[in-house]
$ cat work-v6.txt   # compact mmCIF, C-alpha atoms
# COMPACT_ATOMS: atom_id res chain seq x y z
CA MET A 624 0.00 0.00 0.00
CA SER A 625 1.24 3.50 -0.82
CA GLY A 626 0.56 4.67 2.74
CA ASP A 627 2.82 2.09 4.36
CA PRO A 628 5.87 3.47 6.20
CA PRO A 629 9.23 3.02 4.44
CA VAL A 630 11.25 -0.07 5.29
CA LEU A 631 14.48 0.50 7.20
CA THR A 632 17.42 -1.67 6.17
CA TRP A 633 19.26 -3.34 9.06
CA LEU A 634 23.02 -3.78 8.68
CA GLU A 635 25.06 -6.62 10.06
CA PHE A 636 28.80 -6.32 10.71
CA GLY A 637 30.62 -5.58 7.45
CA ASP A 638 27.49 -5.14 5.33
CA THR A 639 27.58 -2.75 2.38
CA PHE A 640 25.57 0.46 2.73
CA PRO A 641 22.44 0.73 0.61
CA ALA A 642 22.54 3.25 -2.24
CA VAL A 643 21.80 6.70 -0.82
CA HIS A 644 18.70 7.16 -2.99
CA HIS A 645 17.03 4.57 -0.73
CA ALA A 646 17.14 7.03 2.21
CA TRP A 647 13.75 8.05 3.56
CA GLY A 648 12.24 11.01 1.77
CA ALA A 649 11.06 14.44 2.88
CA ASN A 650 7.55 13.20 3.68
CA SER A 651 8.74 10.52 6.09
CA ASP A 652 9.13 10.78 9.87
CA ALA A 653 12.92 10.83 9.53
CA PRO A 654 14.02 12.43 6.23
CA GLY A 655 17.44 11.21 5.17
CA LEU A 656 17.47 8.07 7.34
CA LEU A 657 19.12 5.33 5.27
CA CYS A 658 19.70 2.31 7.50
CA ALA A 659 20.48 1.14 11.04
CA GLY A 660 22.86 -1.24 12.75
CA GLY A 661 26.33 -2.26 11.71
CA ASP A 662 29.38 -0.98 13.56
CA LEU A 663 31.48 2.15 14.06
CA SER A 664 34.86 0.72 13.07
CA THR A 665 37.28 2.99 11.24
CA ASP A 666 36.75 0.97 8.06
CA THR A 667 32.96 1.27 8.27
CA LEU A 668 33.08 4.99 9.01
CA GLN A 669 35.36 5.64 6.06
CA ARG A 670 33.10 3.62 3.74
CA ALA A 671 30.14 5.60 5.03
CA TYR A 672 31.69 9.01 4.44
CA ARG A 673 32.91 8.01 0.97
CA SER A 674 29.30 7.08 0.18
CA GLY A 675 27.82 10.35 1.49
CA VAL A 676 26.54 8.71 4.69
CA PHE A 677 27.14 9.64 8.33
CA PRO A 678 26.09 8.22 11.75
CA TRP A 679 23.77 10.15 14.05
CA PHE A 680 21.92 8.60 16.99
CA SER A 681 21.16 9.13 20.65
CA ALA A 682 21.81 7.02 23.73
CA GLY A 683 19.62 3.91 23.79
CA GLN A 684 19.24 3.83 19.99
CA PRO A 685 21.01 1.56 17.52
CA VAL A 686 23.53 3.14 15.17
CA LEU A 687 21.51 5.16 12.66
CA TRP A 688 22.96 6.13 9.28
CA TRP A 689 21.82 9.21 7.36
CA SER A 690 22.12 10.73 3.90
CA PRO A 691 19.80 13.76 3.64
CA ASP A 692 18.75 15.33 0.36
CA PRO A 693 19.58 18.14 -0.14
CA ARG A 694 22.91 18.30 1.67
CA MET A 695 24.18 21.41 3.45
CA VAL A 696 27.62 22.36 2.16
CA LEU A 697 30.02 25.24 2.83
CA ARG A 698 32.20 26.22 -0.09
CA PRO A 699 35.32 27.86 1.41
CA THR A 700 35.34 30.64 -1.19
CA GLU A 701 31.80 31.56 -0.10
CA PHE A 702 32.50 31.70 3.63
CA ARG A 703 31.00 34.90 5.06
CA LEU A 704 33.42 36.65 7.37
CA HIS A 705 31.03 39.03 9.08
CA PRO A 706 32.49 42.40 10.21
CA SER A 707 32.27 41.58 13.92
CA LEU A 708 34.10 38.28 13.46
CA LYS A 709 36.65 39.86 11.14
CA LYS A 710 37.41 42.46 13.80
CA ARG A 711 37.83 39.81 16.50
CA LEU A 712 39.90 37.66 14.16
CA LYS A 713 42.30 40.52 13.43
CA LYS A 714 42.90 40.94 17.18
CA PHE A 715 43.38 37.19 17.53
CA ILE A 716 45.94 37.08 14.71
CA GLN A 717 47.88 40.03 16.12
CA SER A 718 48.22 38.62 19.64
CA PRO A 719 51.34 36.57 20.42
CA HIS A 720 49.33 34.75 23.10
CA HIS A 721 46.71 33.37 20.70
CA ASP A 722 47.20 30.56 18.23
CA ILE A 723 45.54 27.88 16.13
CA ARG A 724 46.61 24.27 16.59
CA VAL A 725 45.61 21.17 14.68
CA ASP A 726 45.31 17.75 16.33
CA SER A 727 47.02 18.72 19.58
CA ALA A 728 43.96 17.93 21.76
CA PHE A 729 41.52 15.92 19.65
CA GLU A 730 40.00 13.92 22.48
CA GLU A 731 39.49 17.03 24.60
CA VAL A 732 37.81 18.75 21.65
CA ILE A 733 35.33 15.96 20.89
CA LYS A 734 34.43 15.58 24.58
CA ALA A 735 33.92 19.34 24.86
CA CYS A 736 31.68 19.19 21.77
CA ALA A 737 29.66 16.44 23.46
CA ASP A 738 29.33 18.51 26.64
CA SER A 739 28.33 21.58 24.64
CA ALA A 740 25.65 19.66 22.73
CA ARG A 741 24.30 18.24 25.99
CA GLN A 742 23.73 21.61 27.66
CA GLY A 743 20.05 22.49 27.69
CA GLN A 744 19.10 19.19 26.02
CA SER A 745 18.03 15.76 27.21
CA GLY A 746 21.06 14.19 25.57
CA THR A 747 23.64 14.42 22.83
CA TRP A 748 24.32 12.48 19.66
CA ILE A 749 28.04 12.47 20.58
CA VAL A 750 27.52 9.50 22.88
CA PRO A 751 30.49 7.63 24.42
CA THR A 752 30.56 5.03 21.63
CA MET A 753 30.81 7.86 19.08
CA VAL A 754 33.64 9.47 21.04
CA GLN A 755 35.53 6.17 21.09
CA ALA A 756 34.94 5.62 17.38
CA TYR A 757 36.14 9.06 16.34
CA VAL A 758 39.16 8.95 18.63
CA ALA A 759 40.09 5.74 16.81
CA LEU A 760 39.42 7.49 13.49
CA HIS A 761 41.72 10.30 14.63
CA GLN A 762 44.42 7.79 15.54
CA ALA A 763 44.05 6.40 12.00
CA GLY A 764 44.73 9.89 10.62
CA VAL A 765 41.22 10.43 9.27
CA ALA A 766 39.57 12.63 11.94
CA HIS A 767 41.15 15.93 12.95
CA SER A 768 40.62 18.82 15.34
CA VAL A 769 41.13 22.54 14.80
CA GLU A 770 41.71 24.29 18.12
CA THR A 771 41.61 27.93 19.23
CA TRP A 772 44.11 28.54 22.04
CA VAL A 773 44.11 31.71 24.14
CA ASP A 774 46.80 32.31 26.78
CA GLY A 775 47.70 28.63 26.70
CA GLU A 776 44.11 27.48 27.29
CA LEU A 777 41.80 25.66 24.88
CA ALA A 778 39.09 28.27 24.19
CA GLY A 779 37.15 26.49 21.46
CA GLY A 780 37.43 24.25 18.47
CA LEU A 781 35.89 21.77 16.09
CA TYR A 782 36.51 18.33 14.69
CA PHE A 783 36.11 17.00 11.17
CA VAL A 784 36.70 13.97 8.98
CA ALA A 785 38.97 14.20 5.93
CA ILE A 786 39.44 11.53 3.26
CA GLY A 787 41.71 12.77 0.52
CA ARG A 788 40.35 16.25 -0.11
CA ALA A 789 36.80 15.35 0.92
CA VAL A 790 36.08 17.20 4.18
CA PHE A 791 33.15 16.56 6.51
CA GLY A 792 32.50 18.94 9.39
CA GLU A 793 31.16 17.38 12.59
CA SER A 794 30.77 19.61 15.64
CA MET A 795 32.09 22.75 17.34
CA PHE A 796 32.30 24.14 20.87
CA HIS A 797 33.44 27.35 22.53
CA ARG A 798 34.48 28.41 26.01
CA GLN A 799 35.17 32.00 24.98
CA THR A 800 33.18 34.24 22.64
CA ASP A 801 33.66 33.39 18.94
CA ALA A 802 36.38 30.80 19.67
CA SER A 803 34.55 28.13 17.66
CA LYS A 804 33.99 30.57 14.79
CA ILE A 805 37.71 31.37 14.75
CA ALA A 806 38.44 27.63 14.53
CA LEU A 807 36.00 27.38 11.62
CA ALA A 808 37.68 30.35 9.95
CA ALA A 809 41.02 28.55 10.33
CA LEU A 810 39.58 25.41 8.74
CA VAL A 811 38.24 27.50 5.86
CA ALA A 812 41.66 29.14 5.45
CA MET A 813 43.32 25.72 5.28
CA CYS A 814 40.76 24.50 2.76
CA ARG A 815 41.44 27.51 0.55
CA GLN A 816 45.17 26.91 0.86
CA PHE A 817 44.81 23.22 -0.01
CA GLY A 818 42.37 23.68 -2.88
CA ILE A 819 39.41 22.04 -1.12
CA ASP A 820 36.18 23.29 -2.65
CA GLN A 821 33.54 22.09 -0.19
CA VAL A 822 33.02 21.20 3.47
CA ASP A 823 30.07 18.98 4.35
CA CYS A 824 27.80 20.53 6.99
CA GLN A 825 25.25 17.68 6.84
CA GLN A 826 21.99 19.49 7.59
CA ASN A 827 20.60 22.98 7.14
CA THR A 828 20.72 25.33 10.13
CA ARG A 829 20.27 29.10 10.31
CA HIS A 830 23.74 29.48 11.84
CA LEU A 831 25.44 27.61 8.98
CA ALA A 832 23.46 29.52 6.37
CA SER A 833 24.51 32.82 7.95
CA MET A 834 28.15 31.82 7.43
CA GLY A 835 27.68 31.03 3.74
CA ALA A 836 26.66 27.37 3.69
CA ALA A 837 23.99 26.39 1.17
CA GLU A 838 22.04 23.31 0.16
CA MET A 839 23.28 21.04 -2.63
CA PRO A 840 21.46 18.13 -4.31
CA ARG A 841 22.61 14.87 -2.74
CA ALA A 842 23.55 13.33 -6.09
CA LEU A 843 25.92 16.20 -6.85
CA PHE A 844 27.33 16.11 -3.33
CA VAL A 845 28.11 12.37 -3.56
CA GLU A 846 29.70 12.87 -6.97
CA ARG A 847 31.98 15.59 -5.64
CA VAL A 848 32.88 13.53 -2.58
CA ALA A 849 33.97 10.62 -4.79
CA THR A 850 36.23 12.91 -6.82
CA ALA A 851 37.73 14.68 -3.80
CA ALA A 852 38.27 11.46 -1.80
CA ALA A 853 40.46 10.09 -4.60
CA GLU A 854 42.87 13.03 -4.35
CA PRO A 855 46.00 13.07 -2.13
CA ASN A 856 45.63 13.94 1.55
CA PRO A 857 46.79 17.48 2.41
CA ASP A 858 49.10 18.08 5.33
CA TRP A 859 46.63 19.09 8.04
CA THR A 860 48.84 21.61 9.80
CA PHE A 861 48.13 25.31 10.21
CA SER A 862 50.44 28.20 9.39
CA PRO A 863 49.58 31.82 10.30
CA LEU A 864 50.31 32.59 6.64
CA TYR A 865 47.08 30.78 5.77
CA TRP A 866 45.10 33.66 7.22
CA ASN A 867 46.02 35.55 4.04
CA CYS A 868 43.86 33.08 2.09
CA LEU A 869 40.88 34.14 4.21
CA MET A 870 41.44 37.85 4.75
CA ALA A 871 42.24 38.67 1.12
CA PRO A 872 39.33 39.14 -1.30
CA GLN A 873 38.40 35.98 -3.21
CA PRO A 874 37.12 35.72 -6.80
CA ALA A 875 33.54 34.61 -7.28
CA THR A 876 32.94 30.93 -8.06
CA THR A 877 30.48 29.35 -10.44
$ encode --input "work-v6.txt" --output "structure tokens"
Amino acid sequence: MSGDPPVLTWLEFGDTFPAVHHAWGANSDAPGLLCAGGDLSTDTLQRAYRSGVFPWFSAGQPVLWWSPDPRMVLRPTEFRLHPSLKKRLKKFIQSPHHDIRVDSAFEEVIKACADSARQGQSGTWIVPTMVQAYVALHQAGVAHSVETWVDGELAGGLYFVAIGRAVFGESMFHRQTDASKIALAALVAMCRQFGIDQVDCQQNTRHLASMGAAEMPRALFVERVATAAAEPNPDWTFSPLYWNCLMAPQPATT
């Protein structure tokens, strides 16, 4: 019957992901939900991201895998550096006591992101099993953190997954005003430096849209991921010279 709810595929260990066009549609109770089950091994997570799929679930749920259509994407050349953030960023760059670090405190960053997501909510999708899985992914050189340090203290940051030049943003946190936005600006600067043309933001939010992210058809997103993932891995380190890629005017893209 046409009114029947969509069937959810259950994965066993090592199973191949269904094609993303099988994800539940916009009229379902969970748009973008593709399948459930399986595992969070580094191999499975990399296969998921290469396919345009990511895990997202709460405590007490099985692993749920998603591939929404459309997909929210930030193109680094379209990042909006609002005047207030640009002013704060200039002060940050000029201070000898402020710096950006990459991968110096990954586990602290992901746990801080989990704590930040939990505040004011009944729970967080960054559950302990997710933390363990992404720490392992970091140890495999696939997950990374960008960290904003102020006076020797971790003030904010974000973590992301990178396969080749395919970049997938995950979560941010801040302990000081705009510290997470500065970390995002640093990631954008690196992406411009390394020739990375999109950062996955997964789902549409007002905050992401305000910073220049826009929706992209899933089919085009998956096509671009496949191309970018086949390219060589950049050296995920940050140089203050990369700020020039962000602060200088950029040509329009098509």
$ atom_distance --input "work-v6.txt" --atom1 "CA of Val765 in chain A" --atom2 "CA of Ala871 in chain A"
29.4 Å
$ atom_distance --input "work-v6.txt" --atom1 "CA of Gly818 in chain A" --atom2 "CA of Ser862 in chain A"
15.4 Å
$ axis_aligned_box --input "work-v6.txt" --around "range 648-652 of chain A" --padding-each-side "3 Å" --output "JSON"
{"center_x": 9.9, "center_y": 12.5, "center_z": 5.8, "size_x": 10.7, "size_y": 9.9, "size_z": 14.1}
$ residues_around --input "work-v6.txt" --residues "range 652-662 of chain A" --least-positions-apart "2" --cutoff "12 Å" --atoms "all atoms listed in the file" --output "JSON, numbers by chain"
{"A": [628, 629, 630, 631, 632, 633, 634, 635, 636, 637, 638, 639, 640, 641, 642, 643, 644, 645, 646, 647, 648, 649, 650, 664, 665, 666, 667, 668, 669, 670, 671, 674, 675, 676, 677, 678, 679, 680, 684, 685, 686, 687, 688, 689, 690, 691, 692, 693, 694, 752, 753, 756, 825, 826, 841]}
$ closest_atom_pairs --input "work-v6.txt" --of "range 735-817 of chain A" --to "range 710-713 of chain A" --cutoff "9 Å" --atoms "all atoms listed in the file" --output "CSV"
residue,atom,partner,partner_atom,distance
A:Asp801,CA,A:Arg711,CA,8.0
A:Ile805,CA,A:Leu712,CA,6.7
A:Ala808,CA,A:Leu712,CA,8.7
$ closest_residue --input "work-v6.txt" --among "A:Pro855, A:Pro863, A:Gly780, A:Gly835" --to "Arg798 in chain A" --atoms "all atoms listed in the file"
A:Gly780
$ residues_around --input "work-v6.txt" --residues "Asp820 in chain A" --least-positions-apart "4" --cutoff "9 Å" --atoms "only C-alpha atoms" --output "PyMOL selection string"
chain A and resi 697-700+788-789+814-815+851
$ residues_around --input "work-v6.txt" --residues "Met813 in chain A" --least-positions-apart "5" --cutoff "10 Å" --atoms "all atoms listed in the file" --output "PyMOL selection string"
chain A and resi 699+807-808+818-819+857-862+864-866+868-869
$ residues_around --input "work-v6.txt" --residues "Leu704 in chain A" --least-positions-apart "2" --cutoff "9 Å" --atoms "all atoms listed in the file" --output "list in words"
Phe702, Pro706, Ser707, Leu708, Lys709, Ala808, Met834, Gly835, Leu869 and Met870 of chain A
$ closest_residue --input "work-v6.txt" --among "A:Leu843, A:Val848, A:Val758, A:Ile749" --to "Asp726 in chain A" --atoms "only C-alpha atoms"
A:Val758
$ residues_near_point --input "work-v6.txt" --point "(43.2, 26.6, 22.9)" --cutoff "9 Å" --atoms "all atoms listed in the file" --output "ChimeraX atom specification"
/A:721-724,728,770-780,802
$ write_last_selection --input "work-v6.txt" --atoms "C-alpha atoms" --output "short mmCIF file (atom, residue, chain, number, x, y, z; two decimals), in the coordinates of the input"
data_model
loop_
_atom_site.label_atom_id
_atom_site.label_comp_id
_atom_site.auth_asym_id
_atom_site.auth_seq_id
_atom_site.Cartn_x
_atom_site.Cartn_y
_atom_site.Cartn_z
CA HIS A 721 46.71 33.37 20.70
CA ASP A 722 47.20 30.56 18.23
CA ILE A 723 45.54 27.88 16.13
CA ARG A 724 46.61 24.27 16.59
CA ALA A 728 43.96 17.93 21.76
CA GLU A 770 41.71 24.29 18.12
CA THR A 771 41.61 27.93 19.23
CA TRP A 772 44.11 28.54 22.04
CA VAL A 773 44.11 31.71 24.14
CA ASP A 774 46.80 32.31 26.78
CA GLY A 775 47.70 28.63 26.70
CA GLU A 776 44.11 27.48 27.29
CA LEU A 777 41.80 25.66 24.88
CA ALA A 778 39.09 28.27 24.19
CA GLY A 779 37.15 26.49 21.46
CA GLY A 780 37.43 24.25 18.47
CA ALA A 802 36.38 30.80 19.67
#
$ atom_distance --input "work-v6.txt" --atom1 "CA of Ala852 in chain A" --atom2 "CA of His761 in chain A"
16.8 Å
$ residues_around --input "work-v6.txt" --residues "Met795 in chain A" --least-positions-apart "6" --cutoff "7 Å" --atoms "all atoms listed in the file" --output "list in words"
Cys736, Gly780, Leu781, Tyr782 and Ser803 of chain A
$ closest_residue --input "work-v6.txt" --among "A:Glu730, A:Glu854, A:Asp738, A:Glu701" --to "Phe817 in chain A" --atoms "all atoms listed in the file"
A:Glu854
$ build_atoms --input "work-v6.txt" --residues "range 712-741 of chain A" --atoms "N, CA and C atoms" --output "tab-separated table (two decimals), in the coordinates of the input"
chain	number	residue	atom	x	y	z
A	712	LEU	N	38.86	38.50	14.74
A	712	LEU	CA	39.90	37.66	14.16
A	712	LEU	C	41.20	38.44	13.97
A	713	LYS	N	41.10	39.70	13.58
A	713	LYS	CA	42.30	40.52	13.43
A	713	LYS	C	43.03	40.65	14.77
A	714	LYS	N	42.28	40.86	15.86
A	714	LYS	CA	42.90	40.94	17.18
A	714	LYS	C	43.54	39.61	17.56
A	715	PHE	N	42.85	38.52	17.22
A	715	PHE	CA	43.38	37.19	17.53
A	715	PHE	C	44.70	36.97	16.81
A	716	ILE	N	44.74	37.30	15.53
A	716	ILE	CA	45.94	37.08	14.71
A	716	ILE	C	47.11	37.91	15.23
A	717	GLN	N	46.82	39.11	15.70
A	717	GLN	CA	47.88	40.03	16.12
A	717	GLN	C	48.46	39.69	17.49
A	718	SER	N	47.75	38.90	18.29
A	718	SER	CA	48.22	38.62	19.64
A	718	SER	C	49.23	37.47	19.65
A	719	PRO	N	50.37	37.66	20.32
A	719	PRO	CA	51.34	36.57	20.42
A	719	PRO	C	50.90	35.47	21.39
A	720	HIS	N	49.81	35.72	22.12
A	720	HIS	CA	49.33	34.75	23.10
A	720	HIS	C	48.16	33.91	22.57
A	721	HIS	N	47.80	34.11	21.32
A	721	HIS	CA	46.71	33.37	20.70
A	721	HIS	C	47.25	32.55	19.54
A	722	ASP	N	46.76	31.35	19.38
A	722	ASP	CA	47.20	30.56	18.23
A	722	ASP	C	46.18	29.48	17.87
A	723	ILE	N	46.33	28.99	16.65
A	723	ILE	CA	45.54	27.88	16.13
A	723	ILE	C	46.42	26.63	16.11
A	724	ARG	N	45.89	25.55	16.63
A	724	ARG	CA	46.61	24.27	16.59
A	724	ARG	C	45.71	23.23	15.94
A	725	VAL	N	46.33	22.26	15.31
A	725	VAL	CA	45.61	21.17	14.68
A	725	VAL	C	46.04	19.85	15.33
A	726	ASP	N	45.08	19.11	15.81
A	726	ASP	CA	45.31	17.75	16.33
A	726	ASP	C	46.17	17.70	17.59
A	727	SER	N	46.23	18.77	18.35
A	727	SER	CA	47.02	18.72	19.58
A	727	SER	C	46.18	18.26	20.77
A	728	ALA	N	44.83	18.30	20.63
A	728	ALA	CA	43.96	17.93	21.76
A	728	ALA	C	42.64	17.38	21.23
A	729	PHE	N	42.73	16.41	20.30
A	729	PHE	CA	41.52	15.92	19.65
A	729	PHE	C	40.51	15.38	20.64
A	730	GLU	N	40.95	14.53	21.56
A	730	GLU	CA	40.00	13.92	22.48
A	730	GLU	C	39.33	14.96	23.37
A	731	GLU	N	40.08	15.96	23.80
A	731	GLU	CA	39.49	17.03	24.60
A	731	GLU	C	38.45	17.81	23.78
A	732	VAL	N	38.73	18.02	22.51
A	732	VAL	CA	37.81	18.75	21.65
A	732	VAL	C	36.50	17.99	21.48
A	733	ILE	N	36.58	16.70	21.15
A	733	ILE	CA	35.33	15.96	20.89
A	733	ILE	C	34.51	15.81	22.18
A	734	LYS	N	35.18	15.66	23.32
A	734	LYS	CA	34.43	15.58	24.58
A	734	LYS	C	33.81	16.93	24.93
A	735	ALA	N	34.49	18.02	24.62
A	735	ALA	CA	33.92	19.34	24.86
A	735	ALA	C	32.73	19.58	23.93
A	736	CYS	N	32.81	19.09	22.70
A	736	CYS	CA	31.68	19.19	21.77
A	736	CYS	C	30.48	18.41	22.32
A	737	ALA	N	30.74	17.24	22.88
A	737	ALA	CA	29.66	16.44	23.46
A	737	ALA	C	29.03	17.17	24.64
A	738	ASP	N	29.85	17.76	25.50
A	738	ASP	CA	29.33	18.51	26.64
A	738	ASP	C	28.53	19.72	26.18
A	739	SER	N	29.01	20.40	25.16
A	739	SER	CA	28.33	21.58	24.64
A	739	SER	C	26.97	21.21	24.07
A	740	ALA	N	26.91	20.10	23.33
A	740	ALA	CA	25.65	19.66	22.73
A	740	ALA	C	24.65	19.23	23.80
A	741	ARG	N	25.17	18.75	24.94
A	741	ARG	CA	24.30	18.24	25.99
A	741	ARG	C	23.63	19.35	26.79
